[in-house]
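Below is the file structure-v6.cif, which contains mmCIF, C-alpha atoms and all ligand atoms.
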```cif
data_work
#
loop_
_atom_site.label_atom_id
_atom_site.label_comp_id
_atom_site.auth_asym_id
_atom_site.auth_seq_id
_atom_site.Cartn_x
_atom_site.Cartn_y
_atom_site.Cartn_z
CA MET A 5 0.00 0.00 0.00
CA VAL A 6 2.85 2.33 0.90
CA LYS A 7 4.59 1.36 -2.30
CA LEU A 8 1.43 2.20 -4.30
CA ASP A 9 1.12 5.61 -2.60
CA CYS A 10 4.72 6.29 -3.38
CA ALA A 11 4.21 5.35 -7.00
CA ARG A 12 1.11 7.60 -7.20
CA ALA A 13 2.95 10.49 -5.59
CA LEU A 14 5.83 10.03 -8.01
CA TRP A 15 3.42 9.87 -10.93
CA ARG A 16 1.71 13.05 -9.78
CA LEU A 17 5.06 14.75 -9.41
CA LEU A 18 6.15 13.69 -12.87
CA LYS A 19 2.80 14.77 -14.30
CA GLY A 20 3.29 18.12 -12.62
CA VAL A 21 6.77 18.43 -14.04
CA PHE A 22 5.55 17.51 -17.53
CA GLN A 23 2.72 20.02 -17.28
CA PHE A 24 5.16 22.63 -16.06
CA LEU A 25 7.43 21.92 -18.99
CA ARG A 26 4.58 21.89 -21.52
CA VAL A 27 2.46 24.79 -20.31
CA ASP A 28 4.63 27.01 -18.18
CA ARG A 29 7.78 27.03 -20.28
CA PRO A 30 6.37 28.57 -23.45
CA ALA A 31 4.99 31.50 -21.43
CA PRO A 32 8.34 32.96 -20.27
CA ALA A 33 9.82 32.34 -23.75
CA PHE A 34 6.91 34.23 -25.29
CA ALA A 35 7.31 37.04 -22.81
CA ARG A 36 11.04 37.15 -23.53
CA ARG A 37 10.37 37.32 -27.26
CA GLN A 38 7.93 40.17 -26.68
CA ARG A 39 10.45 41.98 -24.53
CA GLU A 40 13.19 41.54 -27.13
CA ARG A 41 10.86 42.76 -29.84
CA GLY A 42 10.09 45.88 -27.77
CA GLN A 43 13.78 46.48 -27.18
CA THR A 44 14.58 46.11 -30.89
CA LEU A 45 11.81 48.55 -31.76
CA LEU A 46 13.17 51.09 -29.28
CA GLU A 47 16.73 50.74 -30.61
CA PHE A 48 15.42 51.12 -34.15
CA ALA A 49 13.48 54.27 -33.20
CA LEU A 50 16.63 55.75 -31.65
CA ILE A 51 18.94 54.85 -34.53
CA VAL A 52 16.70 55.90 -37.47
CA PRO A 53 17.00 59.70 -36.92
CA ILE A 54 20.78 59.42 -36.53
CA MET A 55 21.07 57.31 -39.70
CA LEU A 56 18.83 59.80 -41.52
CA LEU A 57 20.97 62.71 -40.33
CA ILE A 58 24.17 61.00 -41.51
CA LEU A 59 22.58 60.17 -44.87
CA LEU A 60 21.34 63.73 -45.41
CA MET A 61 24.73 65.15 -44.42
CA ILE A 62 26.41 62.91 -47.00
CA VAL A 63 23.98 64.33 -49.58
CA ASP A 64 24.83 67.84 -48.30
CA PHE A 65 28.56 67.23 -48.72
CA GLY A 66 27.89 65.97 -52.24
CA LEU A 67 25.94 69.14 -53.06
CA ALA A 68 28.71 71.31 -51.56
CA MET A 69 31.35 69.57 -53.68
CA ASP A 70 29.19 70.02 -56.76
CA ARG A 71 28.85 73.73 -55.96
CA ARG A 72 32.62 74.05 -55.51
CA VAL A 73 33.31 72.44 -58.90
CA LEU A 74 30.73 74.70 -60.54
CA LEU A 75 32.29 77.81 -58.95
CA GLN A 76 35.76 76.79 -60.14
CA HIS A 77 34.36 76.48 -63.66
CA ALA A 78 32.66 79.89 -63.31
CA VAL A 79 35.83 81.77 -62.26
CA ARG A 80 37.77 80.07 -65.09
CA GLU A 81 35.14 81.28 -67.57
CA GLY A 82 35.34 84.77 -66.02
CA ALA A 83 39.14 84.77 -66.32
CA ARG A 84 38.91 83.55 -69.91
CA LEU A 85 36.71 86.54 -70.70
CA GLY A 86 39.05 88.81 -68.74
CA ALA A 87 41.98 87.64 -70.86
CA THR A 88 40.28 89.09 -73.93
CA GLY A 89 40.21 92.53 -72.31
CA ALA A 90 36.68 92.59 -70.84
CA ASN A 91 36.08 94.92 -67.92
CA ALA A 92 35.38 93.92 -64.32
CA MET A 93 31.60 94.35 -64.64
CA GLU A 94 31.39 92.05 -67.67
CA ILE A 95 33.61 89.49 -65.94
CA THR A 96 31.41 89.58 -62.81
CA GLU A 97 28.27 89.11 -64.88
CA VAL A 98 29.66 86.10 -66.77
CA THR A 99 31.08 84.52 -63.61
CA ALA A 100 27.77 84.81 -61.74
CA ASP A 101 25.89 83.51 -64.76
CA GLN A 102 28.21 80.50 -65.14
CA ALA A 103 27.86 79.76 -61.41
CA GLY A 104 24.07 79.82 -61.84
CA MET A 105 23.83 82.45 -59.12
CA ASP A 106 22.33 85.86 -58.64
CA PRO A 107 25.05 88.55 -59.03
CA GLY A 108 24.05 89.71 -55.52
CA ALA A 109 24.73 86.30 -53.96
CA ILE A 110 28.30 86.04 -55.19
CA ILE A 111 31.29 88.33 -54.70
CA VAL A 112 33.54 88.34 -57.75
CA THR A 113 37.03 89.83 -57.52
CA VAL A 114 39.02 90.85 -60.59
CA CYS A 115 42.63 91.93 -60.44
CA TYR A 116 45.71 91.93 -62.67
CA LEU A 117 49.08 90.48 -61.84
CA ASP A 118 52.13 92.66 -62.34
CA MET A 119 54.41 89.79 -63.23
CA ASP A 120 57.49 91.77 -64.26
CA LEU A 121 57.10 94.06 -61.22
CA ASP A 122 57.37 97.27 -63.24
CA GLY A 123 54.40 98.83 -61.47
CA ASP A 124 52.14 98.38 -64.49
CA ALA A 125 49.68 95.53 -64.05
CA GLY A 126 47.66 94.31 -67.03
CA GLU A 127 50.32 94.35 -69.72
CA LEU A 128 50.18 91.90 -72.57
CA GLY A 129 51.44 88.52 -71.39
CA GLU A 130 50.63 89.21 -67.74
CA SER A 131 47.63 87.58 -66.08
CA VAL A 132 44.15 88.42 -64.95
CA ARG A 133 43.01 86.81 -61.71
CA VAL A 134 39.30 86.18 -61.14
CA GLY A 135 38.10 84.95 -57.79
CA ALA A 136 34.74 84.32 -56.19
CA ILE A 137 33.65 84.38 -52.56
CA VAL A 138 30.54 82.38 -51.79
CA THR A 139 29.21 81.22 -48.43
CA HIS A 140 27.66 77.84 -49.01
CA ARG A 141 25.06 76.90 -46.45
CA PHE A 142 24.12 73.28 -45.93
CA THR A 143 20.50 72.38 -46.61
CA THR A 144 18.37 69.73 -44.92
CA GLY A 145 20.86 67.48 -43.11
CA GLY A 146 23.33 70.09 -41.97
CA ASN A 147 20.74 72.79 -41.47
CA GLU A 148 17.14 72.06 -40.44
CA ILE A 149 17.83 68.75 -38.69
CA LEU A 150 20.90 70.09 -36.87
CA SER A 151 18.93 73.20 -35.91
CA ALA A 152 16.34 70.92 -34.31
CA PHE A 153 19.14 69.66 -32.02
CA GLY A 154 20.24 73.25 -31.33
CA VAL A 155 23.39 72.97 -33.47
CA PRO A 156 24.01 75.90 -35.84
CA ALA A 157 23.78 75.21 -39.58
CA ILE A 158 27.03 74.30 -41.30
CA GLU A 159 28.47 76.98 -43.57
CA ILE A 160 31.46 76.65 -45.86
CA GLU A 161 33.22 79.63 -47.40
CA MET A 162 34.27 78.85 -50.95
CA THR A 163 36.98 80.97 -52.58
CA PRO A 164 37.89 79.57 -56.00
CA VAL A 165 40.47 81.50 -58.01
CA ALA A 166 41.59 81.27 -61.64
CA ASP A 167 44.42 83.01 -63.47
CA MET A 168 44.48 83.52 -67.24
CA ARG A 169 47.18 85.00 -69.47
CA LEU A 170 46.13 88.33 -71.01
CA GLU A 171 45.66 88.42 -74.77
CA GLN A 172 44.80 92.12 -74.67
CA ARG A 173 46.43 95.04 -72.90
CA VAL A 174 44.27 96.16 -69.99
CA THR A 175 44.58 99.60 -68.49
CA GLY A 176 43.04 100.94 -65.33
CA GLY A 177 42.52 97.51 -63.79
CA THR A 178 43.15 96.79 -60.11
CA ALA A 179 46.55 95.31 -59.39
CA CYS A 180 46.61 92.13 -57.29
CA CA B 1 53.90 94.75 -65.54
#
```

Mind converting the file's structure to structure tokens?
Amino acid sequence: MVKLDCARALWRLLKGVFQFLRVDRPAPAFARRQRERGQTLLEFALIVPIMLLILLMIVDFGLAMDRRVLLQHAVREGARLGATGANAMEITEVTADQAGMDPGAIIVTVCYLDMDLDGDAGELGESVRVGAIVTHRFTTGGNEILSAFGVPAIEIEMTPVADMRLEQRVTGGTAC
């Protein structure tokens, strides 16, 4: 009789263990999965704005480099015109036009190199120097988004310069 009770008790215990394994175990695993899912979602929500900011800043740098290349082309075109004897106003107009900018948004400098140091700049064979000064302001990534974090917008001062040998004698020009 004692043996039978023992066997029953053991059976009940085993049944309990099996039930625990079958029913109770999936519950913590499920809860853990839920918790992990919540954690992943939170990490994702934190990382997305940072990733977006980095991506937009890469685009901003690309745009800035494009602008710099365009400005270099513009001052070269201005200097090319200057070499033919055009005056400073014409050079400024062409440079701004080639840069695709409003003449008010770009500062164009025109001067003549006195290469033989005789005090007369702009002689035939000497050079005209055309420069531009443009403050490039970053757009979305380096501007609005950074501003939202209280960081001032990124600005880059671009100062491309181009020299061109004079094909015409220029008088009255500014010496460099
Ligand atoms: Ca000279």

Next on the checklist: Could you list, as an MDAnalysis selection string, all residues that come within 10 Å of ligand CA 1 (chain B)? Count all atoms listed in the file.
Outcome noted: chainID A and resid 116:131 179

Selection to disk with C-alpha atoms, as an mmCIF file, in the coordinates of the input:
```cif
data_model
loop_
_atom_site.group_PDB
_atom_site.id
_atom_site.type_symbol
_atom_site.label_atom_id
_atom_site.label_comp_id
_atom_site.auth_asym_id
_atom_site.auth_seq_id
_atom_site.Cartn_x
_atom_site.Cartn_y
_atom_site.Cartn_z
ATOM 1 C CA TYR A 116 45.710 91.930 -62.670
ATOM 2 C CA LEU A 117 49.080 90.480 -61.840
ATOM 3 C CA ASP A 118 52.130 92.660 -62.340
ATOM 4 C CA MET A 119 54.410 89.790 -63.230
ATOM 5 C CA ASP A 120 57.490 91.770 -64.260
ATOM 6 C CA LEU A 121 57.100 94.060 -61.220
ATOM 7 C CA ASP A 122 57.370 97.270 -63.240
ATOM 8 C CA GLY A 123 54.400 98.830 -61.470
ATOM 9 C CA ASP A 124 52.140 98.380 -64.490
ATOM 10 C CA ALA A 125 49.680 95.530 -64.050
ATOM 11 C CA GLY A 126 47.660 94.310 -67.030
ATOM 12 C CA GLU A 127 50.320 94.350 -69.720
ATOM 13 C CA LEU A 128 50.180 91.900 -72.570
ATOM 14 C CA GLY A 129 51.440 88.520 -71.390
ATOM 15 C CA GLU A 130 50.630 89.210 -67.740
ATOM 16 C CA SER A 131 47.630 87.580 -66.080
ATOM 17 C CA ALA A 179 46.550 95.310 -59.390
#
```

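Using all atoms listed in the file, the smallest distance between any of A:Arg84, A:Arg173, A:Arg141, A:Arg72 and Pro156 in chain A comes from A:Arg141.
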
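You can rank A:Glu148, A:Thr139, A:Gly89, A:Thr99 by their closest distance to Leu170 in chain A using only C-alpha atoms, and at the top of that list sits A:Gly89.
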
Item checked: Residue contacts of range 60-71 of chain A (10 Å, all atoms listed in the file) excluding same-chain residues fewer than 5 positions away, as a list of chain:residue names -> A:Ile54, A:Met55, A:Gln76, A:His77, A:Ala103, A:Gly104, A:Val138, A:His140, A:Arg141, A:Phe142, A:Thr143, A:Thr144, A:Gly145, A:Gly146, A:Asn147, A:Ile149, A:Leu150, A:Ile158, A:Glu159, A:Ile160, A:Met162

Find the residues near Asp101 in chain A: any atom within 10 Å, counting all atoms listed in the file, skip ones fewer than 5 places away on the same chain, and give them as a list in words.
Ala78, Glu81, Gly82, Ile95, Thr96, Asp106 and Pro107 of chain A

Include C-alpha atoms and write out the residues we just selected as an mmCIF file, keeping the file's coordinate frame.
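Contents of selection-v4.cif, as written:
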```cif
data_model
loop_
_atom_site.group_PDB
_atom_site.id
_atom_site.type_symbol
_atom_site.label_atom_id
_atom_site.label_comp_id
_atom_site.auth_asym_id
_atom_site.auth_seq_id
_atom_site.Cartn_x
_atom_site.Cartn_y
_atom_site.Cartn_z
ATOM 1 C CA ALA A 78 32.660 79.890 -63.310
ATOM 2 C CA GLU A 81 35.140 81.280 -67.570
ATOM 3 C CA GLY A 82 35.340 84.770 -66.020
ATOM 4 C CA ILE A 95 33.610 89.490 -65.940
ATOM 5 C CA THR A 96 31.410 89.580 -62.810
ATOM 6 C CA ASP A 106 22.330 85.860 -58.640
ATOM 7 C CA PRO A 107 25.050 88.550 -59.030
#
```

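The closest residue to Val174 in chain A, picked from A:Gln23, A:Thr113, A:Thr88, A:Ser151 and counting all atoms listed in the file, is A:Thr88.
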
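The two atoms in question, CA of Glu97 in chain A and CA of Ile110 in chain A, are spaced 10.2 Å apart.
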
Rebuild range 56-75 of chain A so that it carries N, CA and C atoms, then output the result as a PDB file, in the coordinates of the input.
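Ended up saving to out_37.pdb:
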```pdb
ATOM      1  N   LEU A  56      19.405  58.839 -40.573  1.00  0.00           N
ATOM      2  CA  LEU A  56      18.830  59.800 -41.520  1.00  0.00           C
ATOM      3  C   LEU A  56      19.688  61.059 -41.581  1.00  0.00           C
ATOM      4  N   LEU A  57      20.120  61.517 -40.406  1.00  0.00           N
ATOM      5  CA  LEU A  57      20.970  62.710 -40.330  1.00  0.00           C
ATOM      6  C   LEU A  57      22.284  62.481 -41.083  1.00  0.00           C
ATOM      7  N   ILE A  58      22.901  61.321 -40.843  1.00  0.00           N
ATOM      8  CA  ILE A  58      24.170  61.000 -41.510  1.00  0.00           C
ATOM      9  C   ILE A  58      23.960  60.947 -43.025  1.00  0.00           C
ATOM     10  N   LEU A  59      22.882  60.297 -43.440  1.00  0.00           N
ATOM     11  CA  LEU A  59      22.580  60.170 -44.870  1.00  0.00           C
ATOM     12  C   LEU A  59      22.384  61.541 -45.524  1.00  0.00           C
ATOM     13  N   LEU A  60      21.605  62.397 -44.857  1.00  0.00           N
ATOM     14  CA  LEU A  60      21.340  63.730 -45.410  1.00  0.00           C
ATOM     15  C   LEU A  60      22.603  64.591 -45.419  1.00  0.00           C
ATOM     16  N   MET A  61      23.486  64.375 -44.443  1.00  0.00           N
ATOM     17  CA  MET A  61      24.730  65.150 -44.420  1.00  0.00           C
ATOM     18  C   MET A  61      25.665  64.695 -45.539  1.00  0.00           C
ATOM     19  N   ILE A  62      25.619  63.409 -45.862  1.00  0.00           N
ATOM     20  CA  ILE A  62      26.410  62.910 -47.000  1.00  0.00           C
ATOM     21  C   ILE A  62      25.908  63.573 -48.282  1.00  0.00           C
ATOM     22  N   VAL A  63      24.583  63.667 -48.411  1.00  0.00           N
ATOM     23  CA  VAL A  63      23.980  64.330 -49.580  1.00  0.00           C
ATOM     24  C   VAL A  63      24.416  65.798 -49.598  1.00  0.00           C
ATOM     25  N   ASP A  64      24.414  66.437 -48.417  1.00  0.00           N
ATOM     26  CA  ASP A  64      24.830  67.840 -48.300  1.00  0.00           C
ATOM     27  C   ASP A  64      26.274  68.036 -48.749  1.00  0.00           C
ATOM     28  N   PHE A  65      27.160  67.134 -48.323  1.00  0.00           N
ATOM     29  CA  PHE A  65      28.560  67.230 -48.720  1.00  0.00           C
ATOM     30  C   PHE A  65      28.692  67.070 -50.232  1.00  0.00           C
ATOM     31  N   GLY A  66      27.898  66.166 -50.785  1.00  0.00           N
ATOM     32  CA  GLY A  66      27.890  65.970 -52.240  1.00  0.00           C
ATOM     33  C   GLY A  66      27.474  67.238 -52.960  1.00  0.00           C
ATOM     34  N   LEU A  67      26.433  67.896 -52.449  1.00  0.00           N
ATOM     35  CA  LEU A  67      25.940  69.140 -53.060  1.00  0.00           C
ATOM     36  C   LEU A  67      26.991  70.247 -52.935  1.00  0.00           C
ATOM     37  N   ALA A  68      27.671  70.297 -51.775  1.00  0.00           N
ATOM     38  CA  ALA A  68      28.710  71.310 -51.560  1.00  0.00           C
ATOM     39  C   ALA A  68      29.868  71.110 -52.541  1.00  0.00           C
ATOM     40  N   MET A  69      30.257  69.858 -52.740  1.00  0.00           N
ATOM     41  CA  MET A  69      31.350  69.570 -53.680  1.00  0.00           C
ATOM     42  C   MET A  69      30.948  69.938 -55.097  1.00  0.00           C
ATOM     43  N   ASP A  70      29.706  69.662 -55.433  1.00  0.00           N
ATOM     44  CA  ASP A  70      29.190  70.020 -56.760  1.00  0.00           C
ATOM     45  C   ASP A  70      29.241  71.532 -56.947  1.00  0.00           C
ATOM     46  N   ARG A  71      28.835  72.261 -55.922  1.00  0.00           N
ATOM     47  CA  ARG A  71      28.850  73.730 -55.960  1.00  0.00           C
ATOM     48  C   ARG A  71      30.280  74.257 -56.135  1.00  0.00           C
ATOM     49  N   ARG A  72      31.217  73.621 -55.434  1.00  0.00           N
ATOM     50  CA  ARG A  72      32.620  74.050 -55.510  1.00  0.00           C
ATOM     51  C   ARG A  72      33.178  73.855 -56.924  1.00  0.00           C
ATOM     52  N   VAL A  73      32.846  72.721 -57.533  1.00  0.00           N
ATOM     53  CA  VAL A  73      33.310  72.440 -58.900  1.00  0.00           C
ATOM     54  C   VAL A  73      32.702  73.450 -59.872  1.00  0.00           C
ATOM     55  N   LEU A  74      31.430  73.746 -59.677  1.00  0.00           N
ATOM     56  CA  LEU A  74      30.730  74.700 -60.540  1.00  0.00           C
ATOM     57  C   LEU A  74      31.350  76.103 -60.415  1.00  0.00           C
ATOM     58  N   LEU A  75      31.691  76.491 -59.175  1.00  0.00           N
ATOM     59  CA  LEU A  75      32.290  77.810 -58.950  1.00  0.00           C
ATOM     60  C   LEU A  75      33.679  77.902 -59.585  1.00  0.00           C
TER      61      LEU A  75
END
```
